[in-house]
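Undergrad: The structure follows.
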Amino acid sequence: MSYQFTVDPNYSGKNLPGWYLMNTYLQRRLGLPLRFTPFSTFDEARTAVMAGDFDLVYANPFDAVQYIQRLGFQSLAKPAEHFDEVLLASNADGGLRDYAGLPAEIRVASASDKTLIHMVGLFLLDKAEIDRARLRFEYTGSYQGVIKALIQGKADIGFVFNEVYDAASDVIRRRLHAIDRSDDAFAFHSFCISPRLSEHAEAIRGLLLGMQADEAGARLLEDIGFKGFEAVSQEEIECLSTLAEEYVSGHEAIDLASTSSIALDASAFVIAREDEAV
Amino acid sequence: MKFMSPEWMSAVARQWNAHEEMQSMLKNFSATIEYGIEDRPDIHPVMMFVKSGKAIYAGPSDGRGRDFIISARLENWQKLISGAMSGKVGLMTKRINFKGSMMTAMKYMTPFNIHMSIMGEIPADFDV
């Protein structure tokens, strides 16, 4: 029986050969039969993993939380000194350079609304005081799709995962303009294993954490664009779980005026710890 | 002033209100925040009310509903407000015990760190 391995779609889209090499490396070093299958969209990947077809997944933060909570996965390792951030991008040739230039109705390309990148993208717009009622979303299934939508002029702005932007070719990057960029250093992708692989958890974690000290491992890390991997703590997973649960449950819609006993006057209507209007 | 005393918290609030960047970043933010020292349950928690980014009350916690509760061991408070530990690291490692919306905490991580730095600017006697 082979164990099945997949990665978050934006990674396989970014460097597919590198991830096939990663599969070979893990298979040989662990002495386990491992089969790599890439997916082109978030929904396809998530559906396949949720169906119980996969044992090792390099997952984005919110998917990782789902796999842990619903399928009993364990999160073992994350990229060292590296976090998921969002680039709010526009078409460089389109003349949209900053928030002030956004049209009344804003076409936003996003890979999926079920990702942390989407949530943080919304945060950036909130901080710039862009009314969410102005947003019209187009979900592209992948970050490559977001970039394509921007370049083709089908969207005014797009939520682009920082790694996808940073790893894009100069030609692509020249066609995009960064209006804003998050700097939260909070969430991360991680290698997660199913209960079927749990007896090999320590071996897998040890192999991933030791890659940079191994010549072949270090070469491979360079290929797939990482400095190395480090262990994930239970506390970090708890933080991400809380974040994901709040996001999924639509926490932001809570009317704080009815849940808090703060002596706010009637003019201080509060939504999710934020005033609706000041 | 003793750390986490009502007087000290009032000084923090005054400094908060003098910080233009905080006012700007938090102009859409209102909340009640309670602060406590985990390993000193004998010290009564203090509280701050923030309305549209401005601190409108700082003093003893009076048992009202709290949107956020932030507590930590005394040594971790010292690390936090001296800048030796960032707010994010404190949250992610649970060295800060945080109750409230994690989404809001993440969204306002920069002002949260500035808040901690403001606390560090107010001289405090940690021999509490």
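Just so we're on the same page: first chain in the structure tokens is A, next is B, and so on; residues restart at 1 for each chain, and ligands are numbered from 1 in the order they show up.
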Fewer than 6 positions away in the same chain doesn't count, so skip those; otherwise give me all residues within 7 Å of Ala31 in chain B, counting only C-alpha atoms, as a ChimeraX atom specification.
TA: /A:273 /B:49-51,67
Undergrad: For those residues, write N, CA, C and O atoms to a file as a JSON list (two decimals), in the first residue's frame.
TA:
```json
[["chain", "number", "residue", "atom", "x", "y", "z"],
["A", 273, "ARG", "N", -16.12, 44.27, 17.76],
["A", 273, "ARG", "CA", -15.15, 45.12, 18.42],
["A", 273, "ARG", "C", -14.69, 46.28, 17.55],
["A", 273, "ARG", "O", -13.63, 46.85, 17.73],
["B", 49, "PHE", "N", -11.21, 51.04, 28.94],
["B", 49, "PHE", "CA", -12.26, 51.09, 27.91],
["B", 49, "PHE", "C", -11.71, 51.93, 26.78],
["B", 49, "PHE", "O", -11.21, 53.04, 27.01],
["B", 50, "VAL", "N", -11.83, 51.41, 25.58],
["B", 50, "VAL", "CA", -11.39, 52.17, 24.41],
["B", 50, "VAL", "C", -12.61, 52.42, 23.53],
["B", 50, "VAL", "O", -13.35, 51.49, 23.22],
["B", 51, "LYS", "N", -12.80, 53.66, 23.21],
["B", 51, "LYS", "CA", -13.93, 54.00, 22.34],
["B", 51, "LYS", "C", -13.40, 54.78, 21.15],
["B", 51, "LYS", "O", -12.78, 55.83, 21.32],
["B", 67, "ASP", "N", -14.37, 42.47, 26.54],
["B", 67, "ASP", "CA", -14.19, 41.95, 25.19],
["B", 67, "ASP", "C", -12.87, 41.18, 25.09],
["B", 67, "ASP", "O", -12.76, 40.21, 24.36]]
```
Undergrad: Excluding range 52-61 of chain A and any residue of its chain fewer than 6 positions from it, enumerate the residues within 6 Å of it, using only C-alpha atoms, and give them as a PDB file with N, CA, C and O atoms, in the first residue's frame.
TA:
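Generated output (result.pdb):
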```pdb
ATOM      1  N   TYR A   3       1.358   5.319   0.578  1.00  0.00           N
ATOM      2  CA  TYR A   3       0.795   6.498   1.246  1.00  0.00           C
ATOM      3  C   TYR A   3       0.701   7.608   0.201  1.00  0.00           C
ATOM      4  O   TYR A   3       1.539   7.695  -0.705  1.00  0.00           O
ATOM      5  N   GLN A   4      -0.312   8.455   0.350  1.00  0.00           N
ATOM      6  CA  GLN A   4      -0.562   9.497  -0.652  1.00  0.00           C
ATOM      7  C   GLN A   4      -0.137  10.868  -0.111  1.00  0.00           C
ATOM      8  O   GLN A   4      -0.427  11.221   1.029  1.00  0.00           O
ATOM      9  N   PHE A   5       0.540  11.612  -0.965  1.00  0.00           N
ATOM     10  CA  PHE A   5       1.102  12.912  -0.588  1.00  0.00           C
ATOM     11  C   PHE A   5       0.587  13.985  -1.544  1.00  0.00           C
ATOM     12  O   PHE A   5       0.568  13.781  -2.761  1.00  0.00           O
ATOM     13  N   THR A   6       0.146  15.114  -1.019  1.00  0.00           N
ATOM     14  CA  THR A   6      -0.196  16.245  -1.883  1.00  0.00           C
ATOM     15  C   THR A   6       0.223  17.548  -1.203  1.00  0.00           C
ATOM     16  O   THR A   6       0.559  17.552  -0.013  1.00  0.00           O
ATOM     17  N   VAL A   7       0.213  18.601  -1.968  1.00  0.00           N
ATOM     18  CA  VAL A   7       0.582  19.906  -1.410  1.00  0.00           C
ATOM     19  C   VAL A   7      -0.492  20.918  -1.779  1.00  0.00           C
ATOM     20  O   VAL A   7      -1.234  20.732  -2.743  1.00  0.00           O
ATOM     21  N   ASP A   8      -0.531  21.979  -1.003  1.00  0.00           N
ATOM     22  CA  ASP A   8      -1.427  23.092  -1.289  1.00  0.00           C
ATOM     23  C   ASP A   8      -1.260  23.471  -2.774  1.00  0.00           C
ATOM     24  O   ASP A   8      -0.132  23.593  -3.239  1.00  0.00           O
ATOM     25  N   PHE A 188       0.935  30.065   9.013  1.00  0.00           N
ATOM     26  CA  PHE A 188       1.944  29.338   8.235  1.00  0.00           C
ATOM     27  C   PHE A 188       1.343  28.069   7.633  1.00  0.00           C
ATOM     28  O   PHE A 188       0.364  27.527   8.134  1.00  0.00           O
ATOM     29  N   HIS A 189       1.931  27.633   6.529  1.00  0.00           N
ATOM     30  CA  HIS A 189       1.625  26.317   5.977  1.00  0.00           C
ATOM     31  C   HIS A 189       2.353  25.273   6.834  1.00  0.00           C
ATOM     32  O   HIS A 189       3.338  25.595   7.495  1.00  0.00           O
ATOM     33  N   SER A 190       1.879  24.045   6.787  1.00  0.00           N
ATOM     34  CA  SER A 190       2.615  23.014   7.536  1.00  0.00           C
ATOM     35  C   SER A 190       2.406  21.627   6.925  1.00  0.00           C
ATOM     36  O   SER A 190       1.427  21.387   6.224  1.00  0.00           O
ATOM     37  N   PHE A 191       3.364  20.762   7.195  1.00  0.00           N
ATOM     38  CA  PHE A 191       3.241  19.358   6.808  1.00  0.00           C
ATOM     39  C   PHE A 191       2.351  18.661   7.837  1.00  0.00           C
ATOM     40  O   PHE A 191       2.657  18.674   9.034  1.00  0.00           O
ATOM     41  N   CYS A 192       1.273  18.064   7.351  1.00  0.00           N
ATOM     42  CA  CYS A 192       0.348  17.371   8.248  1.00  0.00           C
ATOM     43  C   CYS A 192       0.262  15.900   7.845  1.00  0.00           C
ATOM     44  O   CYS A 192       0.265  15.583   6.649  1.00  0.00           O
ATOM     45  N   ILE A 193       0.149  15.024   8.833  1.00  0.00           N
ATOM     46  CA  ILE A 193       0.035  13.594   8.514  1.00  0.00           C
ATOM     47  C   ILE A 193      -1.277  13.018   9.051  1.00  0.00           C
ATOM     48  O   ILE A 193      -1.785  13.441  10.090  1.00  0.00           O
ATOM     49  N   SER A 194      -1.782  12.037   8.331  1.00  0.00           N
ATOM     50  CA  SER A 194      -3.024  11.367   8.740  1.00  0.00           C
ATOM     51  C   SER A 194      -2.714  10.360   9.849  1.00  0.00           C
ATOM     52  O   SER A 194      -1.551   9.991  10.060  1.00  0.00           O
TER      53      SER A 194
END
```
Undergrad: Show me, as a PyMOL selection string, every residue of chain B with an atom at most 7 Å from chain A, counting only C-alpha atoms.
TA: chain B and resi 28-32+52+64-67+92-94+102-103+107
Undergrad: Can you pull out every residue from chain B that DSSP, working from the backbone, puts in alpha helix (DSSP H), and format the result as a PyMOL selection string?
TA: chain B and resi 6-17+20-25+74-82+87-92+102-107+109-121
Undergrad: Put those residues in a file: C-alpha atoms, as a PDB file, in the first residue's frame.
TA:
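Saved to selection02.pdb:
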```
ATOM      1  CA  PRO B   6      -5.043  51.737  38.723  1.00  0.00           C
ATOM      2  CA  GLU B   7      -2.701  54.760  38.797  1.00  0.00           C
ATOM      3  CA  TRP B   8      -0.218  53.090  36.495  1.00  0.00           C
ATOM      4  CA  MET B   9      -3.002  52.035  34.116  1.00  0.00           C
ATOM      5  CA  SER B  10      -4.292  55.618  34.044  1.00  0.00           C
ATOM      6  CA  ALA B  11      -0.819  56.802  33.052  1.00  0.00           C
ATOM      7  CA  VAL B  12      -0.786  54.162  30.295  1.00  0.00           C
ATOM      8  CA  ALA B  13      -4.157  55.424  29.053  1.00  0.00           C
ATOM      9  CA  ARG B  14      -2.952  59.042  28.998  1.00  0.00           C
ATOM     10  CA  GLN B  15       0.095  58.008  27.001  1.00  0.00           C
ATOM     11  CA  TRP B  16      -2.155  55.966  24.681  1.00  0.00           C
ATOM     12  CA  ASN B  17      -4.296  59.033  24.015  1.00  0.00           C
ATOM     13  CA  GLU B  20      -1.373  59.859  17.236  1.00  0.00           C
ATOM     14  CA  GLU B  21      -0.607  56.648  15.347  1.00  0.00           C
ATOM     15  CA  MET B  22      -2.712  54.654  17.816  1.00  0.00           C
ATOM     16  CA  GLN B  23      -5.639  57.039  17.421  1.00  0.00           C
ATOM     17  CA  SER B  24      -5.412  56.720  13.670  1.00  0.00           C
ATOM     18  CA  MET B  25      -5.044  52.928  13.513  1.00  0.00           C
ATOM     19  CA  LEU B  74       4.757  38.883  36.012  1.00  0.00           C
ATOM     20  CA  GLU B  75       8.034  37.854  34.344  1.00  0.00           C
ATOM     21  CA  ASN B  76       6.278  37.578  30.972  1.00  0.00           C
ATOM     22  CA  TRP B  77       4.659  40.984  31.405  1.00  0.00           C
ATOM     23  CA  GLN B  78       8.140  42.393  31.955  1.00  0.00           C
ATOM     24  CA  LYS B  79       9.393  40.719  28.761  1.00  0.00           C
ATOM     25  CA  LEU B  80       6.354  41.897  26.848  1.00  0.00           C
ATOM     26  CA  ILE B  81       6.444  45.554  27.738  1.00  0.00           C
ATOM     27  CA  SER B  82      10.242  45.787  27.525  1.00  0.00           C
ATOM     28  CA  GLY B  87       2.783  40.449  21.332  1.00  0.00           C
ATOM     29  CA  LYS B  88       2.510  37.904  18.539  1.00  0.00           C
ATOM     30  CA  VAL B  89       5.047  35.554  20.117  1.00  0.00           C
ATOM     31  CA  GLY B  90       3.312  35.957  23.465  1.00  0.00           C
ATOM     32  CA  LEU B  91      -0.014  34.991  21.926  1.00  0.00           C
ATOM     33  CA  MET B  92       1.286  32.148  19.784  1.00  0.00           C
ATOM     34  CA  MET B 102      -8.273  36.105  17.832  1.00  0.00           C
ATOM     35  CA  MET B 103      -9.244  37.587  14.472  1.00  0.00           C
ATOM     36  CA  THR B 104      -9.428  41.029  16.003  1.00  0.00           C
ATOM     37  CA  ALA B 105      -6.104  40.461  17.759  1.00  0.00           C
ATOM     38  CA  MET B 106      -4.468  39.489  14.492  1.00  0.00           C
ATOM     39  CA  LYS B 107      -6.012  42.390  12.622  1.00  0.00           C
ATOM     40  CA  MET B 109      -1.411  43.217  15.996  1.00  0.00           C
ATOM     41  CA  THR B 110       0.570  46.360  15.158  1.00  0.00           C
ATOM     42  CA  PRO B 111      -1.386  48.629  17.540  1.00  0.00           C
ATOM     43  CA  PHE B 112      -1.315  45.834  20.132  1.00  0.00           C
ATOM     44  CA  ASN B 113       2.469  45.839  19.984  1.00  0.00           C
ATOM     45  CA  ILE B 114       2.475  49.643  20.217  1.00  0.00           C
ATOM     46  CA  HIS B 115       0.182  49.333  23.252  1.00  0.00           C
ATOM     47  CA  MET B 116       2.713  47.041  24.896  1.00  0.00           C
ATOM     48  CA  SER B 117       5.479  49.475  24.041  1.00  0.00           C
ATOM     49  CA  ILE B 118       3.462  52.343  25.568  1.00  0.00           C
ATOM     50  CA  MET B 119       3.125  50.261  28.735  1.00  0.00           C
ATOM     51  CA  GLY B 120       6.908  49.921  28.692  1.00  0.00           C
ATOM     52  CA  GLU B 121       7.294  53.714  28.532  1.00  0.00           C
TER      53      GLU B 121
END
```
Undergrad: Can you tell me, as a PDB file with all heavy atoms, in the first residue's frame, which residues in range 39-83 of chain B count as strand (DSSP E) by DSSP?
TA:
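Result saved to states17.pdb:
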```
ATOM      1  N   VAL B  46      -6.894  45.307  36.418  1.00  0.00           N
ATOM      2  CA  VAL B  46      -7.255  46.659  35.986  1.00  0.00           C
ATOM      3  C   VAL B  46      -7.928  46.561  34.612  1.00  0.00           C
ATOM      4  O   VAL B  46      -7.892  45.518  33.971  1.00  0.00           O
ATOM      5  CB  VAL B  46      -6.025  47.600  35.922  1.00  0.00           C
ATOM      6  CG1 VAL B  46      -5.559  47.956  37.306  1.00  0.00           C
ATOM      7  CG2 VAL B  46      -4.908  46.976  35.099  1.00  0.00           C
ATOM      8  N   MET B  47      -8.501  47.671  34.206  1.00  0.00           N
ATOM      9  CA  MET B  47      -9.314  47.635  33.005  1.00  0.00           C
ATOM     10  C   MET B  47      -9.162  48.943  32.230  1.00  0.00           C
ATOM     11  O   MET B  47      -8.896  49.997  32.825  1.00  0.00           O
ATOM     12  CB  MET B  47     -10.767  47.474  33.445  1.00  0.00           C
ATOM     13  CG  MET B  47     -11.677  46.893  32.435  1.00  0.00           C
ATOM     14  SD  MET B  47     -13.221  46.453  33.257  1.00  0.00           S
ATOM     15  CE  MET B  47     -14.019  45.594  31.930  1.00  0.00           C
ATOM     16  N   MET B  48      -9.314  48.842  30.914  1.00  0.00           N
ATOM     17  CA  MET B  48      -9.331  50.055  30.106  1.00  0.00           C
ATOM     18  C   MET B  48     -10.489  49.944  29.122  1.00  0.00           C
ATOM     19  O   MET B  48     -10.744  48.868  28.590  1.00  0.00           O
ATOM     20  CB  MET B  48      -8.004  50.202  29.355  1.00  0.00           C
ATOM     21  CG  MET B  48      -7.855  51.515  28.657  1.00  0.00           C
ATOM     22  SD  MET B  48      -6.126  51.991  28.419  1.00  0.00           S
ATOM     23  CE  MET B  48      -5.682  50.939  27.075  1.00  0.00           C
ATOM     24  N   PHE B  49     -11.213  51.039  28.940  1.00  0.00           N
ATOM     25  CA  PHE B  49     -12.256  51.091  27.915  1.00  0.00           C
ATOM     26  C   PHE B  49     -11.706  51.933  26.777  1.00  0.00           C
ATOM     27  O   PHE B  49     -11.215  53.045  27.011  1.00  0.00           O
ATOM     28  CB  PHE B  49     -13.531  51.787  28.417  1.00  0.00           C
ATOM     29  CG  PHE B  49     -14.228  51.100  29.559  1.00  0.00           C
ATOM     30  CD1 PHE B  49     -15.346  51.698  30.136  1.00  0.00           C
ATOM     31  CD2 PHE B  49     -13.797  49.889  30.059  1.00  0.00           C
ATOM     32  CE1 PHE B  49     -16.007  51.099  31.192  1.00  0.00           C
ATOM     33  CE2 PHE B  49     -14.463  49.276  31.116  1.00  0.00           C
ATOM     34  CZ  PHE B  49     -15.565  49.887  31.695  1.00  0.00           C
ATOM     35  N   VAL B  50     -11.829  51.411  25.583  1.00  0.00           N
ATOM     36  CA  VAL B  50     -11.390  52.167  24.407  1.00  0.00           C
ATOM     37  C   VAL B  50     -12.608  52.424  23.535  1.00  0.00           C
ATOM     38  O   VAL B  50     -13.351  51.492  23.217  1.00  0.00           O
ATOM     39  CB  VAL B  50     -10.338  51.364  23.607  1.00  0.00           C
ATOM     40  CG1 VAL B  50      -9.913  52.142  22.366  1.00  0.00           C
ATOM     41  CG2 VAL B  50      -9.144  51.037  24.478  1.00  0.00           C
ATOM     42  N   LYS B  51     -12.800  53.661  23.207  1.00  0.00           N
ATOM     43  CA  LYS B  51     -13.928  53.999  22.342  1.00  0.00           C
ATOM     44  C   LYS B  51     -13.398  54.777  21.148  1.00  0.00           C
ATOM     45  O   LYS B  51     -12.784  55.827  21.316  1.00  0.00           O
ATOM     46  CB  LYS B  51     -14.954  54.826  23.113  1.00  0.00           C
ATOM     47  CG  LYS B  51     -16.206  55.083  22.312  1.00  0.00           C
ATOM     48  CD  LYS B  51     -17.229  55.833  23.153  1.00  0.00           C
ATOM     49  CE  LYS B  51     -18.397  56.235  22.281  1.00  0.00           C
ATOM     50  NZ  LYS B  51     -19.344  57.078  23.000  1.00  0.00           N
ATOM     51  N   LYS B  54      -9.865  55.854  21.408  1.00  0.00           N
ATOM     52  CA  LYS B  54      -9.456  56.684  22.541  1.00  0.00           C
ATOM     53  C   LYS B  54      -9.735  55.964  23.854  1.00  0.00           C
ATOM     54  O   LYS B  54     -10.816  55.387  24.018  1.00  0.00           O
ATOM     55  CB  LYS B  54     -10.245  57.998  22.493  1.00  0.00           C
ATOM     56  CG  LYS B  54      -9.521  59.149  23.110  1.00  0.00           C
ATOM     57  CD  LYS B  54     -10.127  60.482  22.674  1.00  0.00           C
ATOM     58  CE  LYS B  54      -9.319  61.646  23.209  1.00  0.00           C
ATOM     59  NZ  LYS B  54      -7.982  61.735  22.674  1.00  0.00           N
ATOM     60  N   ALA B  55      -8.773  55.987  24.756  1.00  0.00           N
ATOM     61  CA  ALA B  55      -8.995  55.381  26.066  1.00  0.00           C
ATOM     62  C   ALA B  55      -9.921  56.294  26.855  1.00  0.00           C
ATOM     63  O   ALA B  55      -9.595  57.463  27.094  1.00  0.00           O
ATOM     64  CB  ALA B  55      -7.666  55.201  26.789  1.00  0.00           C
ATOM     65  N   ILE B  56     -11.077  55.782  27.245  1.00  0.00           N
ATOM     66  CA  ILE B  56     -12.038  56.644  27.956  1.00  0.00           C
ATOM     67  C   ILE B  56     -12.156  56.267  29.430  1.00  0.00           C
ATOM     68  O   ILE B  56     -12.808  56.944  30.203  1.00  0.00           O
ATOM     69  CB  ILE B  56     -13.441  56.613  27.290  1.00  0.00           C
ATOM     70  CG1 ILE B  56     -13.985  55.181  27.191  1.00  0.00           C
ATOM     71  CG2 ILE B  56     -13.412  57.262  25.924  1.00  0.00           C
ATOM     72  CD1 ILE B  56     -15.447  55.120  26.773  1.00  0.00           C
ATOM     73  N   TYR B  57     -11.545  55.140  29.795  1.00  0.00           N
ATOM     74  CA  TYR B  57     -11.529  54.765  31.208  1.00  0.00           C
ATOM     75  C   TYR B  57     -10.308  53.891  31.459  1.00  0.00           C
ATOM     76  O   TYR B  57      -9.983  53.035  30.643  1.00  0.00           O
ATOM     77  CB  TYR B  57     -12.795  53.981  31.584  1.00  0.00           C
ATOM     78  CG  TYR B  57     -12.711  53.330  32.957  1.00  0.00           C
ATOM     79  CD1 TYR B  57     -13.024  54.060  34.108  1.00  0.00           C
ATOM     80  CD2 TYR B  57     -12.297  52.006  33.110  1.00  0.00           C
ATOM     81  CE1 TYR B  57     -12.922  53.481  35.360  1.00  0.00           C
ATOM     82  CE2 TYR B  57     -12.193  51.422  34.366  1.00  0.00           C
ATOM     83  CZ  TYR B  57     -12.506  52.158  35.502  1.00  0.00           C
ATOM     84  OH  TYR B  57     -12.397  51.596  36.738  1.00  0.00           O
ATOM     85  N   ALA B  58      -9.654  54.114  32.565  1.00  0.00           N
ATOM     86  CA  ALA B  58      -8.585  53.213  33.001  1.00  0.00           C
ATOM     87  C   ALA B  58      -8.647  53.169  34.517  1.00  0.00           C
ATOM     88  O   ALA B  58      -8.647  54.210  35.168  1.00  0.00           O
ATOM     89  CB  ALA B  58      -7.229  53.706  32.533  1.00  0.00           C
ATOM     90  N   GLY B  59      -8.727  51.977  35.043  1.00  0.00           N
ATOM     91  CA  GLY B  59      -8.833  51.865  36.496  1.00  0.00           C
ATOM     92  C   GLY B  59      -9.123  50.436  36.897  1.00  0.00           C
ATOM     93  O   GLY B  59      -8.885  49.510  36.111  1.00  0.00           O
ATOM     94  N   PRO B  60      -9.619  50.269  38.107  1.00  0.00           N
ATOM     95  CA  PRO B  60      -9.880  48.892  38.556  1.00  0.00           C
ATOM     96  C   PRO B  60     -10.948  48.223  37.710  1.00  0.00           C
ATOM     97  O   PRO B  60     -11.880  48.881  37.253  1.00  0.00           O
ATOM     98  CB  PRO B  60     -10.400  49.080  39.994  1.00  0.00           C
ATOM     99  CG  PRO B  60     -10.172  50.497  40.340  1.00  0.00           C
ATOM    100  CD  PRO B  60     -10.016  51.271  39.090  1.00  0.00           C
ATOM    101  N   PHE B  68     -11.881  41.671  25.806  1.00  0.00           N
ATOM    102  CA  PHE B  68     -10.582  41.011  25.799  1.00  0.00           C
ATOM    103  C   PHE B  68     -10.061  40.916  27.237  1.00  0.00           C
ATOM    104  O   PHE B  68     -10.210  41.865  28.010  1.00  0.00           O
ATOM    105  CB  PHE B  68      -9.555  41.806  24.967  1.00  0.00           C
ATOM    106  CG  PHE B  68      -9.989  41.995  23.537  1.00  0.00           C
ATOM    107  CD1 PHE B  68     -10.574  43.182  23.136  1.00  0.00           C
ATOM    108  CD2 PHE B  68      -9.833  40.979  22.615  1.00  0.00           C
ATOM    109  CE1 PHE B  68     -10.998  43.353  21.821  1.00  0.00           C
ATOM    110  CE2 PHE B  68     -10.251  41.135  21.314  1.00  0.00           C
ATOM    111  CZ  PHE B  68     -10.836  42.326  20.912  1.00  0.00           C
ATOM    112  N   ILE B  69      -9.481  39.780  27.558  1.00  0.00           N
ATOM    113  CA  ILE B  69      -8.805  39.633  28.847  1.00  0.00           C
ATOM    114  C   ILE B  69      -7.370  39.226  28.535  1.00  0.00           C
ATOM    115  O   ILE B  69      -7.130  38.234  27.836  1.00  0.00           O
ATOM    116  CB  ILE B  69      -9.474  38.569  29.733  1.00  0.00           C
ATOM    117  CG1 ILE B  69     -10.945  38.945  29.986  1.00  0.00           C
ATOM    118  CG2 ILE B  69      -8.717  38.420  31.056  1.00  0.00           C
ATOM    119  CD1 ILE B  69     -11.737  37.892  30.759  1.00  0.00           C
ATOM    120  N   ILE B  70      -6.446  40.017  29.016  1.00  0.00           N
ATOM    121  CA  ILE B  70      -5.032  39.736  28.760  1.00  0.00           C
ATOM    122  C   ILE B  70      -4.355  39.532  30.103  1.00  0.00           C
ATOM    123  O   ILE B  70      -4.346  40.433  30.946  1.00  0.00           O
ATOM    124  CB  ILE B  70      -4.358  40.916  28.020  1.00  0.00           C
ATOM    125  CG1 ILE B  70      -5.118  41.215  26.722  1.00  0.00           C
ATOM    126  CG2 ILE B  70      -2.899  40.616  27.733  1.00  0.00           C
ATOM    127  CD1 ILE B  70      -4.699  42.526  26.069  1.00  0.00           C
ATOM    128  N   SER B  71      -3.824  38.342  30.305  1.00  0.00           N
ATOM    129  CA  SER B  71      -3.097  38.110  31.552  1.00  0.00           C
ATOM    130  C   SER B  71      -1.818  37.336  31.253  1.00  0.00           C
ATOM    131  O   SER B  71      -1.714  36.644  30.234  1.00  0.00           O
ATOM    132  CB  SER B  71      -3.956  37.362  32.568  1.00  0.00           C
ATOM    133  OG  SER B  71      -4.313  36.094  32.077  1.00  0.00           O
ATOM    134  N   ALA B  72      -0.854  37.511  32.119  1.00  0.00           N
ATOM    135  CA  ALA B  72       0.428  36.827  31.936  1.00  0.00           C
ATOM    136  C   ALA B  72       1.130  36.789  33.278  1.00  0.00           C
ATOM    137  O   ALA B  72       0.789  37.556  34.194  1.00  0.00           O
ATOM    138  CB  ALA B  72       1.294  37.576  30.922  1.00  0.00           C
TER     139      ALA B  72
END
```
Undergrad: Which neighbours of Phe161 in chain A fall inside 7 Å, counting only C-alpha atoms, when residues of the same chain fewer than 5 positions from it are skipped, and could you give them as a list in words?
TA: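 The contact residues come out as Glu85, Val86, Leu87, Ile117 and Tyr143 of chain A.
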Undergrad: Env of range 20-23 of chain A: 8 Å cut, atoms = only C-alpha atoms, seq-sep filter 6 positions within chain, self excluded. Answer as a list in words.
TA: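 Those residues are Phe5, Leu34, Arg35, Phe36 and Leu220 of chain A.
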